[in-house]
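Trainee: Sending over run10.txt (compact mmCIF, C-alpha atoms and all ligand atoms).
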# COMPACT_ATOMS: atom_id res chain seq x y z
CA MET T 28 -36.61 -26.32 -14.88
CA LYS T 29 -33.14 -26.32 -16.43
CA THR T 30 -30.23 -26.69 -14.04
CA THR T 31 -26.50 -26.55 -14.08
CA THR T 32 -23.90 -28.48 -12.10
CA VAL T 33 -22.03 -26.57 -9.40
CA LYS T 34 -19.10 -27.70 -7.23
CA ALA T 35 -19.90 -27.80 -3.52
CA TYR T 36 -18.96 -29.35 -0.20
CA GLY T 37 -21.49 -31.27 1.85
CA ALA T 38 -22.39 -34.27 3.96
CA THR T 39 -24.17 -37.36 2.67
CA ALA T 40 -25.16 -38.64 6.14
CA SER T 41 -25.24 -37.36 9.72
CA THR T 42 -22.24 -39.50 10.63
CA GLU T 43 -20.16 -38.57 7.59
CA ASP T 44 -17.54 -35.87 7.19
CA LEU T 45 -18.19 -33.13 4.65
CA LYS T 46 -16.58 -33.80 1.27
CA PRO T 47 -16.61 -32.45 -2.31
CA LEU T 48 -19.79 -33.10 -4.24
CA ASP T 49 -21.73 -31.73 -7.21
CA ILE T 50 -25.12 -30.06 -6.85
CA GLN T 51 -27.68 -28.70 -9.28
CA ARG T 52 -28.57 -25.01 -9.30
CA ARG T 53 -31.28 -23.44 -11.43
CA LEU T 54 -30.32 -21.20 -14.34
CA VAL T 55 -30.85 -17.48 -13.74
CA GLY T 56 -34.57 -16.66 -14.01
CA ALA T 57 -36.12 -13.26 -14.67
CA ASP T 58 -36.03 -12.24 -10.98
CA ASP T 59 -32.78 -13.97 -10.08
CA VAL T 60 -29.27 -12.92 -9.22
CA LYS T 61 -26.34 -15.28 -9.70
CA ILE T 62 -23.54 -14.83 -7.18
CA ASP T 63 -19.99 -16.14 -7.35
CA ILE T 64 -19.36 -16.98 -3.72
CA SER T 65 -16.10 -15.60 -2.30
CA PHE T 66 -16.60 -16.29 1.42
CA CYS T 67 -19.00 -18.27 3.58
CA GLY T 68 -19.22 -18.20 7.38
CA VAL T 69 -19.54 -21.35 9.49
CA CYS T 70 -22.53 -21.11 11.81
CA HIS T 71 -23.18 -23.57 14.62
CA SER T 72 -26.52 -24.20 12.86
CA ASP T 73 -24.57 -25.69 9.93
CA ILE T 74 -23.18 -28.28 12.34
CA HIS T 75 -26.57 -28.93 13.97
CA THR T 76 -28.01 -29.56 10.49
CA VAL T 77 -25.16 -31.73 9.18
CA ARG T 78 -25.32 -33.84 12.34
CA ASN T 79 -29.13 -33.93 12.29
CA ASP T 80 -29.29 -32.58 15.87
CA TRP T 81 -32.69 -31.01 15.13
CA LYS T 82 -33.89 -34.06 13.15
CA GLY T 83 -35.40 -33.38 9.73
CA SER T 84 -32.09 -33.07 7.84
CA THR T 85 -32.27 -34.43 4.27
CA TYR T 86 -29.00 -35.54 2.68
CA PRO T 87 -26.88 -34.46 1.06
CA VAL T 88 -26.71 -31.34 3.24
CA VAL T 89 -24.71 -28.47 1.75
CA PRO T 90 -24.63 -25.94 4.60
CA GLY T 91 -23.71 -22.26 4.60
CA HIS T 92 -25.96 -19.25 5.17
CA GLU T 93 -23.41 -16.51 5.67
CA ILE T 94 -22.68 -15.94 2.02
CA ILE T 95 -20.66 -13.12 0.45
CA GLY T 96 -19.87 -12.76 -3.20
CA ARG T 97 -20.08 -10.75 -6.40
CA VAL T 98 -23.00 -10.65 -8.78
CA VAL T 99 -22.06 -12.32 -12.07
CA GLU T 100 -25.45 -12.44 -13.82
CA VAL T 101 -28.91 -10.93 -13.33
CA GLY T 102 -32.35 -11.75 -14.73
CA LYS T 103 -34.25 -9.34 -16.95
CA ASN T 104 -36.54 -8.03 -14.17
CA VAL T 105 -33.77 -7.43 -11.64
CA SER T 106 -33.39 -3.79 -10.66
CA SER T 107 -31.79 -3.78 -7.21
CA HIS T 108 -28.48 -5.46 -8.06
CA LYS T 109 -26.11 -5.39 -11.01
CA VAL T 110 -23.15 -7.40 -12.25
CA GLY T 111 -20.09 -6.67 -10.12
CA ASP T 112 -21.98 -5.68 -6.96
CA LEU T 113 -20.77 -7.01 -3.60
CA VAL T 114 -23.75 -8.82 -2.10
CA GLY T 115 -24.74 -11.21 0.67
CA VAL T 116 -27.26 -13.97 1.26
CA GLY T 117 -28.29 -15.05 4.75
CA CYS T 118 -30.62 -17.77 6.01
CA LEU T 119 -33.59 -16.98 3.75
CA VAL T 120 -33.96 -17.44 -0.02
CA ASP T 121 -37.74 -17.38 -0.56
CA SER T 122 -41.05 -16.67 1.16
CA CYS T 123 -44.64 -16.22 -0.04
CA GLN T 124 -44.39 -12.37 0.01
CA THR T 125 -48.15 -12.05 0.61
CA CYS T 126 -48.95 -13.34 4.14
CA ALA T 127 -49.23 -11.04 7.17
CA SER T 128 -45.67 -11.89 8.29
CA CYS T 129 -44.13 -11.21 4.88
CA GLU T 130 -46.08 -7.95 4.65
CA GLN T 131 -44.50 -6.88 7.93
CA ASP T 132 -40.99 -7.72 6.63
CA LEU T 133 -40.86 -10.79 8.84
CA GLU T 134 -40.16 -13.32 6.08
CA GLN T 135 -38.56 -15.63 8.63
CA PHE T 136 -42.06 -16.21 10.03
CA CYS T 137 -43.76 -16.61 6.60
CA GLU T 138 -47.10 -18.31 7.22
CA LYS T 139 -46.60 -20.60 4.23
CA GLY T 140 -43.15 -21.49 5.53
CA ALA T 141 -39.99 -19.59 4.66
CA THR T 142 -37.50 -21.28 2.35
CA TRP T 143 -34.18 -21.60 4.14
CA THR T 144 -30.92 -21.26 2.26
CA TYR T 145 -30.18 -24.95 2.81
CA ASN T 146 -32.10 -28.07 3.69
CA SER T 147 -35.44 -26.54 2.68
CA SER T 148 -37.76 -27.60 -0.09
CA ASP T 149 -36.72 -25.69 -3.24
CA GLN T 150 -39.47 -23.46 -4.68
CA HIS T 151 -37.99 -23.54 -8.18
CA ILE T 152 -36.81 -27.09 -8.83
CA GLU T 153 -39.54 -29.64 -8.20
CA GLY T 154 -38.66 -32.32 -5.68
CA ALA T 155 -35.30 -30.72 -4.92
CA GLN T 156 -34.03 -29.08 -1.77
CA THR T 157 -31.98 -25.96 -1.29
CA TYR T 158 -28.20 -26.06 -0.99
CA GLY T 159 -26.20 -23.45 0.90
CA GLY T 160 -23.07 -21.44 0.45
CA TYR T 161 -20.33 -24.07 0.74
CA ALA T 162 -20.35 -23.91 -3.06
CA LYS T 163 -18.92 -22.04 -6.07
CA SER T 164 -22.07 -20.06 -6.80
CA VAL T 165 -25.71 -19.60 -5.89
CA VAL T 166 -28.82 -18.30 -7.66
CA VAL T 167 -31.24 -16.33 -5.48
CA ASP T 168 -34.34 -14.20 -6.02
CA GLU T 169 -33.21 -10.56 -5.91
CA LYS T 170 -35.49 -9.80 -2.92
CA PHE T 171 -33.35 -12.06 -0.75
CA VAL T 172 -30.02 -10.62 -1.86
CA LEU T 173 -28.50 -7.98 0.43
CA ARG T 174 -26.30 -5.04 -0.48
CA VAL T 175 -22.95 -5.20 1.30
CA PRO T 176 -21.11 -1.96 2.11
CA GLU T 177 -17.90 -1.88 0.09
CA ASN T 178 -15.89 -0.32 2.92
CA LEU T 179 -16.08 -3.50 5.02
CA ASP T 180 -13.63 -6.38 4.88
CA GLU T 181 -15.33 -8.97 2.65
CA ALA T 182 -14.47 -12.11 4.58
CA ALA T 183 -15.25 -10.58 7.98
CA THR T 184 -18.62 -9.42 6.69
CA ALA T 185 -19.90 -12.92 5.92
CA PRO T 186 -20.96 -13.73 9.52
CA LEU T 187 -23.13 -10.62 9.63
CA LEU T 188 -25.61 -12.44 7.39
CA CYS T 189 -26.61 -14.79 10.21
CA ALA T 190 -24.72 -14.16 13.47
CA GLY T 191 -25.04 -10.43 12.86
CA VAL T 192 -28.74 -10.19 12.19
CA THR T 193 -29.65 -12.83 14.79
CA THR T 194 -28.14 -10.66 17.53
CA TRP T 195 -29.06 -7.30 16.00
CA SER T 196 -32.74 -8.18 15.69
CA PRO T 197 -33.52 -8.84 19.39
CA LEU T 198 -31.43 -5.87 20.55
CA SER T 199 -33.43 -3.71 18.19
CA HIS T 200 -36.85 -5.32 18.82
CA TRP T 201 -36.47 -4.99 22.61
CA LYS T 202 -35.16 -1.46 22.11
CA VAL T 203 -31.86 -1.79 23.92
CA LYS T 204 -30.59 1.72 24.50
CA LYS T 205 -27.77 3.78 25.92
CA GLY T 206 -27.11 2.98 29.57
CA ASP T 207 -29.05 -0.31 29.70
CA LYS T 208 -27.26 -3.13 31.44
CA VAL T 209 -27.16 -5.86 28.81
CA GLY T 210 -25.85 -9.39 29.32
CA VAL T 211 -24.70 -11.53 26.43
CA ILE T 212 -24.40 -15.23 27.29
CA GLY T 213 -21.87 -17.26 25.30
CA LEU T 214 -18.87 -15.74 23.53
CA GLY T 215 -19.10 -17.58 20.21
CA GLY T 216 -20.09 -16.48 16.73
CA LEU T 217 -23.40 -14.98 17.78
CA GLY T 218 -22.26 -13.76 21.19
CA HIS T 219 -19.29 -11.77 19.94
CA MET T 220 -21.59 -9.91 17.52
CA GLY T 221 -24.08 -9.37 20.34
CA VAL T 222 -21.33 -7.73 22.40
CA LYS T 223 -20.25 -5.50 19.51
CA PHE T 224 -23.80 -4.38 18.71
CA ALA T 225 -24.85 -3.79 22.33
CA HIS T 226 -21.68 -1.76 22.82
CA ALA T 227 -22.35 0.25 19.65
CA LEU T 228 -25.86 1.00 20.93
CA GLY T 229 -24.35 2.50 24.07
CA ALA T 230 -25.34 -0.26 26.49
CA ASN T 231 -23.35 -1.24 29.52
CA VAL T 232 -22.37 -4.71 28.30
CA VAL T 233 -21.58 -7.69 30.50
CA MET T 234 -20.16 -10.80 28.85
CA ILE T 235 -21.58 -13.85 30.63
CA THR T 236 -19.31 -16.77 29.86
CA THR T 237 -18.27 -20.24 30.96
CA SER T 238 -14.73 -19.51 29.73
CA PRO T 239 -12.78 -17.12 32.00
CA GLU T 240 -9.90 -17.14 29.50
CA LYS T 241 -12.11 -15.29 26.99
CA GLY T 242 -12.47 -12.35 29.37
CA LYS T 243 -9.74 -10.22 27.82
CA ASP T 244 -11.19 -10.68 24.34
CA ALA T 245 -14.68 -9.89 25.59
CA LYS T 246 -13.43 -6.52 26.79
CA ARG T 247 -11.63 -5.86 23.53
CA LEU T 248 -14.89 -6.61 21.71
CA GLY T 249 -16.77 -4.07 23.79
CA ALA T 250 -17.82 -5.68 27.09
CA HIS T 251 -17.44 -3.46 30.14
CA GLU T 252 -17.46 -6.40 32.51
CA VAL T 253 -17.06 -10.16 32.40
CA LEU T 254 -19.22 -12.47 34.49
CA VAL T 255 -18.10 -16.08 34.74
CA SER T 256 -21.33 -18.06 35.04
CA LYS T 257 -19.65 -20.90 36.95
CA ASP T 258 -18.63 -18.48 39.70
CA GLU T 259 -21.58 -18.50 42.12
CA GLU T 260 -20.33 -15.55 44.16
CA ASP T 261 -19.97 -13.42 41.06
CA MET T 262 -23.42 -14.48 39.84
CA LYS T 263 -24.86 -13.40 43.21
CA LYS T 264 -23.29 -9.96 42.88
CA HIS T 265 -25.11 -9.36 39.59
CA ARG T 266 -28.48 -10.70 40.78
CA GLY T 267 -31.54 -8.66 39.74
CA SER T 268 -29.47 -6.09 37.84
CA PHE T 269 -29.89 -6.72 34.09
CA ASP T 270 -32.30 -4.84 31.81
CA PHE T 271 -31.87 -7.36 29.03
CA ILE T 272 -30.06 -10.65 28.41
CA LEU T 273 -29.27 -12.23 25.06
CA ASN T 274 -28.77 -15.98 25.50
CA THR T 275 -26.81 -17.74 22.72
CA ILE T 276 -26.10 -21.06 24.50
CA PRO T 277 -26.33 -23.70 21.73
CA VAL T 278 -27.77 -26.55 23.82
CA GLY T 279 -30.46 -27.15 26.48
CA HIS T 280 -29.32 -25.73 29.83
CA GLU T 281 -30.29 -24.61 33.35
CA MET T 282 -32.30 -21.41 33.14
CA ASP T 283 -32.72 -20.44 36.81
CA PRO T 284 -29.21 -19.00 37.35
CA TYR T 285 -29.58 -16.68 34.37
CA LEU T 286 -33.18 -15.67 35.15
CA ALA T 287 -31.99 -14.60 38.61
CA LEU T 288 -29.84 -11.96 36.91
CA LEU T 289 -32.83 -10.11 35.41
CA LYS T 290 -34.37 -6.99 36.93
CA ILE T 291 -38.13 -6.67 37.45
CA ASP T 292 -39.91 -6.69 34.06
CA ALA T 293 -36.68 -7.50 32.23
CA THR T 294 -36.44 -10.00 29.38
CA MET T 295 -34.06 -12.80 28.49
CA VAL T 296 -34.16 -13.69 24.78
CA LEU T 297 -33.13 -17.16 23.66
CA VAL T 298 -31.60 -17.56 20.24
CA GLY T 299 -29.44 -20.65 20.68
CA ALA T 300 -31.17 -23.59 22.32
CA VAL T 301 -33.89 -24.98 20.06
CA GLU T 302 -34.08 -28.24 21.99
CA PRO T 303 -35.79 -28.86 25.38
CA LEU T 304 -34.46 -26.70 28.17
CA LYS T 305 -33.83 -28.05 31.64
CA PRO T 306 -36.96 -27.61 33.82
CA PHE T 307 -36.89 -24.26 35.56
CA ASN T 308 -38.84 -22.81 38.47
CA GLY T 309 -41.94 -20.81 37.65
CA GLY T 310 -40.91 -18.67 40.60
CA SER T 311 -37.82 -17.58 38.67
CA ILE T 312 -40.06 -15.48 36.42
CA ILE T 313 -43.13 -14.99 38.65
CA MET T 314 -41.00 -13.18 41.20
CA GLY T 315 -40.15 -10.01 39.35
CA ARG T 316 -42.62 -10.33 36.44
CA LYS T 317 -39.73 -11.45 34.24
CA ARG T 318 -39.97 -12.62 30.66
CA ILE T 319 -38.37 -15.28 28.56
CA ALA T 320 -38.65 -14.76 24.83
CA GLY T 321 -37.19 -16.16 21.61
CA SER T 322 -35.98 -14.65 18.38
CA LEU T 323 -35.23 -16.07 14.93
CA ILE T 324 -32.69 -14.36 12.66
CA GLY T 325 -34.34 -11.23 11.21
CA GLY T 326 -36.26 -10.24 8.08
CA ILE T 327 -34.63 -9.00 4.88
CA LYS T 328 -35.32 -5.31 5.55
CA GLU T 329 -33.85 -5.63 9.03
CA THR T 330 -30.81 -7.49 7.69
CA GLN T 331 -30.18 -4.63 5.25
CA GLU T 332 -30.52 -2.09 8.09
CA MET T 333 -27.99 -4.06 10.14
CA LEU T 334 -25.53 -4.21 7.22
CA ASP T 335 -25.90 -0.48 6.63
CA PHE T 336 -25.31 0.18 10.34
CA CYS T 337 -22.18 -1.98 10.16
CA GLY T 338 -20.96 -0.07 7.11
CA LYS T 339 -21.45 3.21 8.92
CA HIS T 340 -19.83 2.09 12.18
CA ASN T 341 -17.23 -0.18 10.58
CA ILE T 342 -18.43 -3.30 12.38
CA THR T 343 -17.47 -6.78 11.18
CA SER T 344 -16.81 -10.15 12.77
CA ASP T 345 -13.58 -11.43 14.25
CA ILE T 346 -12.82 -14.39 12.07
CA GLU T 347 -10.47 -17.29 11.41
CA LEU T 348 -10.17 -17.78 7.66
CA ILE T 349 -9.98 -21.41 6.54
CA ASN T 350 -9.87 -23.44 3.35
CA ILE T 351 -12.86 -25.63 2.62
CA GLN T 352 -10.64 -28.71 2.99
CA ASP T 353 -10.31 -27.83 6.72
CA ILE T 354 -14.05 -27.70 7.35
CA ASN T 355 -14.32 -30.96 9.31
CA LYS T 356 -11.54 -29.86 11.68
CA ALA T 357 -13.28 -26.51 12.05
CA TYR T 358 -16.53 -28.22 13.06
CA GLU T 359 -14.69 -30.14 15.78
CA ARG T 360 -13.20 -26.90 17.06
CA VAL T 361 -16.58 -25.15 17.17
CA ILE T 362 -17.96 -28.07 19.18
CA LYS T 363 -14.98 -27.80 21.54
CA ASN T 364 -15.72 -24.10 21.92
CA ASP T 365 -12.41 -23.22 20.27
CA VAL T 366 -12.97 -20.54 17.64
CA LYS T 367 -12.22 -16.83 17.71
CA TYR T 368 -14.97 -16.08 16.95
CA ARG T 369 -16.24 -17.28 13.62
CA PHE T 370 -14.74 -19.53 10.99
CA VAL T 371 -15.10 -18.17 7.49
CA ILE T 372 -14.33 -20.31 4.46
CA ASP T 373 -12.29 -18.79 1.64
CA MET T 374 -14.32 -20.28 -1.20
CA LYS T 375 -11.43 -19.88 -3.66
CA SER T 376 -10.09 -23.04 -2.03
CA LEU T 377 -12.90 -25.05 -3.63
CA ASN T 378 -11.30 -24.70 -7.08
P1 LIG X 401 -20.86 -21.01 18.97
O1 LIG X 401 -19.95 -20.19 18.13
O2 LIG X 401 -20.57 -22.43 19.20
O3 LIG X 401 -21.04 -20.22 20.37
C1 LIG X 401 -21.78 -20.68 21.43
C2 LIG X 401 -21.14 -20.23 22.74
O4 LIG X 401 -22.01 -20.63 23.82
C3 LIG X 401 -19.81 -20.86 23.04
O5 LIG X 401 -18.75 -20.15 22.48
C4 LIG X 401 -19.78 -20.84 24.56
O6 LIG X 401 -19.36 -19.54 25.00
C5 LIG X 401 -21.23 -20.99 24.96
N1 LIG X 401 -21.56 -22.37 25.33
C6 LIG X 401 -21.35 -23.50 24.59
N2 LIG X 401 -21.83 -24.56 25.23
C7 LIG X 401 -22.35 -24.13 26.39
C8 LIG X 401 -22.99 -24.75 27.51
N3 LIG X 401 -23.19 -26.08 27.52
N4 LIG X 401 -23.37 -23.97 28.56
C9 LIG X 401 -23.18 -22.64 28.54
N5 LIG X 401 -22.57 -22.00 27.52
C10 LIG X 401 -22.17 -22.73 26.48
O7 LIG X 401 -22.34 -21.01 18.33
P2 LIG X 401 -23.08 -19.86 17.48
O8 LIG X 401 -22.79 -20.06 16.03
O9 LIG X 401 -22.85 -18.58 18.14
O10 LIG X 401 -24.60 -20.30 17.66
C11 LIG X 401 -25.19 -20.35 18.93
C12 LIG X 401 -26.52 -21.07 18.83
O11 LIG X 401 -27.45 -20.23 18.14
C13 LIG X 401 -26.50 -22.37 18.03
O12 LIG X 401 -27.36 -23.31 18.65
C14 LIG X 401 -27.06 -21.98 16.68
O13 LIG X 401 -27.65 -23.06 16.00
C15 LIG X 401 -28.09 -20.97 17.11
N6 LIG X 401 -28.51 -20.00 16.08
C16 LIG X 401 -29.75 -19.48 16.22
C17 LIG X 401 -30.20 -18.52 15.34
C18 LIG X 401 -31.57 -17.92 15.50
O14 LIG X 401 -32.04 -17.31 14.55
N7 LIG X 401 -32.19 -18.03 16.63
C19 LIG X 401 -29.36 -18.10 14.30
C20 LIG X 401 -28.07 -18.62 14.22
C21 LIG X 401 -27.65 -19.57 15.13
P3 LIG X 401 -18.52 -19.29 26.37
O15 LIG X 401 -17.23 -20.02 26.16
O16 LIG X 401 -18.37 -17.82 26.39
O17 LIG X 401 -19.34 -19.81 27.49
ZN ZN X 402 -26.60 -19.28 11.29
Could you quickly redo this structure as structure tokens?

Mentor:
Amino acid sequence: MKTTTVKAYGATASTEDLKPLDIQRRLVGADDVKIDISFCGVCHSDIHTVRNDWKGSTYPVVPGHEIIGRVVEVGKNVSSHKVGDLVGVGCLVDSCQTCASCEQDLEQFCEKGATWTYNSSDQHIEGAQTYGGYAKSVVVDEKFVLRVPENLDEAATAPLLCAGVTTWSPLSHWKVKKGDKVGVIGLGGLGHMGVKFAHALGANVVMITTSPEKGKDAKRLGAHEVLVSKDEEDMKKHRGSFDFILNTIPVGHEMDPYLALLKIDATMVLVGAVEPLKPFNGGSIIMGRKRIAGSLIGGIKETQEMLDFCGKHNITSDIELINIQDINKAYERVIKNDVKYRFVIDMKSLN
């Protein structure tokens, strides 16, 4: 497989800062689309992977799975995208396309293992791994390239490719509807999209946060109420009242206080904490036949539906635009819970 050298930014070890490096990308194959990357969002998962929080990181890691750019070349079989199109790439770049999950448009659960945009084994270059969007360009099979509505702000659209679909998918799968009382835990990259989507679906949205100072923003984003999770009295007032809770907390945490908020038969969906959770009482779900579930991004079809919905309703992320040279500072700020509400890298700065 012939490759070409592409400028990127990545980490060579879990303890190292990100820095400029060169990576190899494949040349455009018959089914491929080459994208000049204009913007890339900074997901907390990028940081988890760079710092090897989930183990299994292989270095160098070039993160970035909230990719926006223009098509600059297409392979001879490509029919869904053309040169000049505004497109996006999220967390997925390949899957087997034939297993039961892929047939149901759930490529993220591909039985042969989905290929993630970064830190996954590359299906095209033997022995290589995938590198993400903190780079000049990327080559992706057309099936994993999304159409981006031209009416949306390009930079603010980038986070939709991960934070957007990760919050859209559970709201849609659990059929959140007008009038439901929906809690979103954690006002970060994912959480702020969760609030916007739940609001757009007509739910009565409560922002559940550890940061009272974010309350005003939460309301501006679409929350009807703000519940400070550290305030026990306030938590008591909301006990047993939620139809659905979307939990974006990025680390293991106490579950009982949040489970107490659910109504009978209601569900709390975890999207953030991959690691062990603190032990919780069986009684917290037995009493009230409550459910805890998980959700992983969303399939390609669903991602396109989400983008189309955003185009129609003019929904994008609230972002802080940075240069790639500021990425290490940005990571520190995400860890300190200090971003409003997603960093997006202006990839022009890589020149
Ligand atoms: P983020 O921007 O850092 O937001 C997380 C928010 O959670 C923070 O803003 C904070 O909100 C709250 N929080 C942080 N630490 C907390 C703690 N110890 N206890 C309670 N609340 C806490 O992160 P993100 O990019 O939204 O990602 C969230 C998590 O989802 C990450 O672990 C990421 O890897 C994961 N993720 C999962 C998927 C998936 O498919 N399942 C996809 C993308 C990302 P407040 O200040 O409002 O409390
Ligand atoms: Zn992500």

Trainee: Around all of ligand LIG 401 (chain X)'s listed atoms, make the axis-aligned box with 4 Å on each side and tell me centre and edge lengths in Å to one decimal, as AutoDock Vina command-line options.

Mentor:
--center_x -24.7 --center_y -21.7 --center_z 21.4 --size_x 23.0 --size_y 16.8 --size_z 22.3

Trainee: Counting all atoms listed in the file, which residues in chain T sit no more than 6 Å from ligand LIG 401 (chain X)? For each one, give the nearest pair of atoms and the distance in Å, sorted by chain then residue number, as CSV.

Mentor:
residue,atom,partner,partner_atom,distance
T:Cys70,CA,X:LIG401,O8,4.4
T:His71,CA,X:LIG401,O8,3.8
T:Ser72,CA,X:LIG401,O13,3.5
T:Cys189,CA,X:LIG401,C20,5.7
T:Ala190,CA,X:LIG401,C20,5.6
T:Thr193,CA,X:LIG401,O14,5.1
T:Gly213,CA,X:LIG401,O6,3.4
T:Leu214,CA,X:LIG401,O16,3.6
T:Gly215,CA,X:LIG401,O3,3.3
T:Gly216,CA,X:LIG401,O9,3.7
T:Leu217,CA,X:LIG401,O9,3.7
T:Gly218,CA,X:LIG401,O9,5.7
T:Thr236,CA,X:LIG401,O16,3.7
T:Thr237,CA,X:LIG401,O17,3.7
T:Ser238,CA,X:LIG401,O15,4.4
T:Thr275,CA,X:LIG401,C11,4.9
T:Ile276,CA,X:LIG401,O4,4.2
T:Pro277,CA,X:LIG401,O12,3.3
T:Val278,CA,X:LIG401,N3,5.9
T:Val298,CA,X:LIG401,N7,3.7
T:Gly299,CA,X:LIG401,O11,3.3
T:Ala300,CA,X:LIG401,O12,5.3
T:Ser322,CA,X:LIG401,N7,5.4
T:Leu323,CA,X:LIG401,O14,3.4
T:Ile324,CA,X:LIG401,O14,3.6
T:Val361,CA,X:LIG401,O2,5.2
T:Asn364,CA,X:LIG401,O5,5.0

Trainee: Could you name the residues that touch Val209 of chain T at 9 Å or less, counting all atoms listed in the file, but leaving out those on the same chain fewer than 2 positions away, as a ChimeraX atom specification?

Mentor: /T:203,206-207,211,222,225,230-234,269-273

Trainee: Find the residues around Arg266 of chain T up to 10 Å (all atoms listed in the file counted), leave out those fewer than 4 positions away in its own chain, and share them as a PyMOL selection string.

Mentor: chain T and resi 261-262+284-290

Trainee: Go ahead and write the residues just picked, C-alpha atoms, as a tab-separated table (two decimals), in the coordinates of the input.

Mentor:
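So result_5.tsv came out as:
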chain	number	residue	atom	x	y	z
T	261	ASP	CA	-19.97	-13.42	41.06
T	262	MET	CA	-23.42	-14.48	39.84
T	284	PRO	CA	-29.21	-19.00	37.35
T	285	TYR	CA	-29.58	-16.68	34.37
T	286	LEU	CA	-33.18	-15.67	35.15
T	287	ALA	CA	-31.99	-14.60	38.61
T	288	LEU	CA	-29.84	-11.96	36.91
T	289	LEU	CA	-32.83	-10.11	35.41
T	290	LYS	CA	-34.37	-6.99	36.93

Trainee: Find the residues near Ile50 of chain T: any atom within 8 Å, counting all atoms listed in the file, skip ones fewer than 3 places away on the same chain, and give them as a ChimeraX atom specification.

Mentor: /T:32-35,158

Trainee: Determine the nearest neighbour of ligand ZN 402 (chain X) from the options T:Arg369, T:His108, T:Lys241, T:Arg247, counting all atoms listed in the file.

Mentor: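 Closest candidate: T:Arg369.
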
Trainee: Could you check which of T:Gly326, T:Pro303, T:Gly56, T:Gly68 is closest to ligand ZN 402 (chain X), using all atoms listed in the file?

Mentor: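 Looking only at the distances to ligand ZN 402 (chain X), the closest residue turns out to be T:Gly68.
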
Trainee: Applying 9 Å and all atoms listed in the file, which residues near Tyr36 of chain T remain after dropping the ones on its own chain fewer than 2 positions away? List them as a JSON list (two decimals) with C-alpha atoms, in the coordinates of the input.

Mentor:
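The result, written out as selection-v7.json:
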[["chain", "number", "residue", "atom", "x", "y", "z"],
["T", 34, "LYS", "CA", -19.10, -27.70, -7.23],
["T", 38, "ALA", "CA", -22.39, -34.27, 3.96],
["T", 45, "LEU", "CA", -18.19, -33.13, 4.65],
["T", 46, "LYS", "CA", -16.58, -33.80, 1.27],
["T", 47, "PRO", "CA", -16.61, -32.45, -2.31],
["T", 48, "LEU", "CA", -19.79, -33.10, -4.24],
["T", 49, "ASP", "CA", -21.73, -31.73, -7.21],
["T", 88, "VAL", "CA", -26.71, -31.34, 3.24],
["T", 89, "VAL", "CA", -24.71, -28.47, 1.75],
["T", 90, "PRO", "CA", -24.63, -25.94, 4.60],
["T", 160, "GLY", "CA", -23.07, -21.44, 0.45],
["T", 161, "TYR", "CA", -20.33, -24.07, 0.74],
["T", 162, "ALA", "CA", -20.35, -23.91, -3.06],
["T", 351, "ILE", "CA", -12.86, -25.63, 2.62],
["T", 352, "GLN", "CA", -10.64, -28.71, 2.99],
["T", 377, "LEU", "CA", -12.90, -25.05, -3.63]]

Trainee: Restricting the calculation to only C-alpha atoms, which member of T:Phe171, T:Trp195, T:Trp81, T:Tyr86 is positioned closest to Tyr145 of chain T?

Mentor: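 Checking each of T:Phe171, T:Trp195, T:Trp81, T:Tyr86 against Tyr145 of chain T, counting only C-alpha atoms, the winner is T:Tyr86.
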
Trainee: Compile the contact shell of segment 119-121 of chain T as a ChimeraX atom specification: residues with an atom at most 7 Å away, counting only C-alpha atoms, same-chain residues fewer than 3 positions apart removed.

Mentor: /T:141-144,167-168,171

Trainee: Next, the residues of the selection above should be written as a PDB file, in the coordinates of the input with C-alpha atoms.

Mentor:
ATOM      1  CA  ALA T 141     -39.990 -19.590   4.660  1.00  0.00           C
ATOM      2  CA  THR T 142     -37.500 -21.280   2.350  1.00  0.00           C
ATOM      3  CA  TRP T 143     -34.180 -21.600   4.140  1.00  0.00           C
ATOM      4  CA  THR T 144     -30.920 -21.260   2.260  1.00  0.00           C
ATOM      5  CA  VAL T 167     -31.240 -16.330  -5.480  1.00  0.00           C
ATOM      6  CA  ASP T 168     -34.340 -14.200  -6.020  1.00  0.00           C
ATOM      7  CA  PHE T 171     -33.350 -12.060  -0.750  1.00  0.00           C
TER       8      PHE T 171
END

Trainee: At what distance in Å, to one decimal, does atom CA of Gly210 of chain T lie from atom CA of Glu240 of chain T?

Mentor: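 Interatomic distance, atom CA of Glu240 of chain T to atom CA of Gly210 of chain T: 17.7 Å.
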
Trainee: Of the candidates T:Gly111, T:Pro186, T:Gly221, T:Gly249, which shows the shortest atom-to-atom distance to ligand ZN 402 (chain X), using all atoms listed in the file?

Mentor: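 Looking at the shortest contact to ligand ZN 402 (chain X), the residue is T:Pro186.
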
Trainee: Atom CA of Arg316 of chain T to atom CA of Ile212 of chain T: how many Å, to one decimal?

Mentor: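 Atom CA of Ile212 of chain T lies 21.0 Å from atom CA of Arg316 of chain T.
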
Trainee: With 8 Å as the threshold, what does the neighbourhood of (-33.4, -10.0, 9.5) contain in terms of residues, counting only C-alpha atoms? Coordinates are those of the file; answer as a list in words.

Mentor: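 Collected hits near the coordinates: Leu133, Gln135, Val192, Thr193, Ser196, Ile324, Gly325, Gly326, Ile327, Lys328, Glu329, Thr330 and Gln331 of chain T.
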
Trainee: For the atom pair atom CA of Gly117 of chain T and atom CA of Thr85 of chain T, what is the interatomic distance in Å to one decimal place?

Mentor: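 Separation of atom CA of Gly117 of chain T and atom CA of Thr85 of chain T: 19.8 Å.
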
Trainee: Rank nothing, just name the residue among T:Glu281, T:Val296, T:Cys129, T:Gly229 nearest to Lys257 of chain T, using only C-alpha atoms.

Mentor: T:Glu281
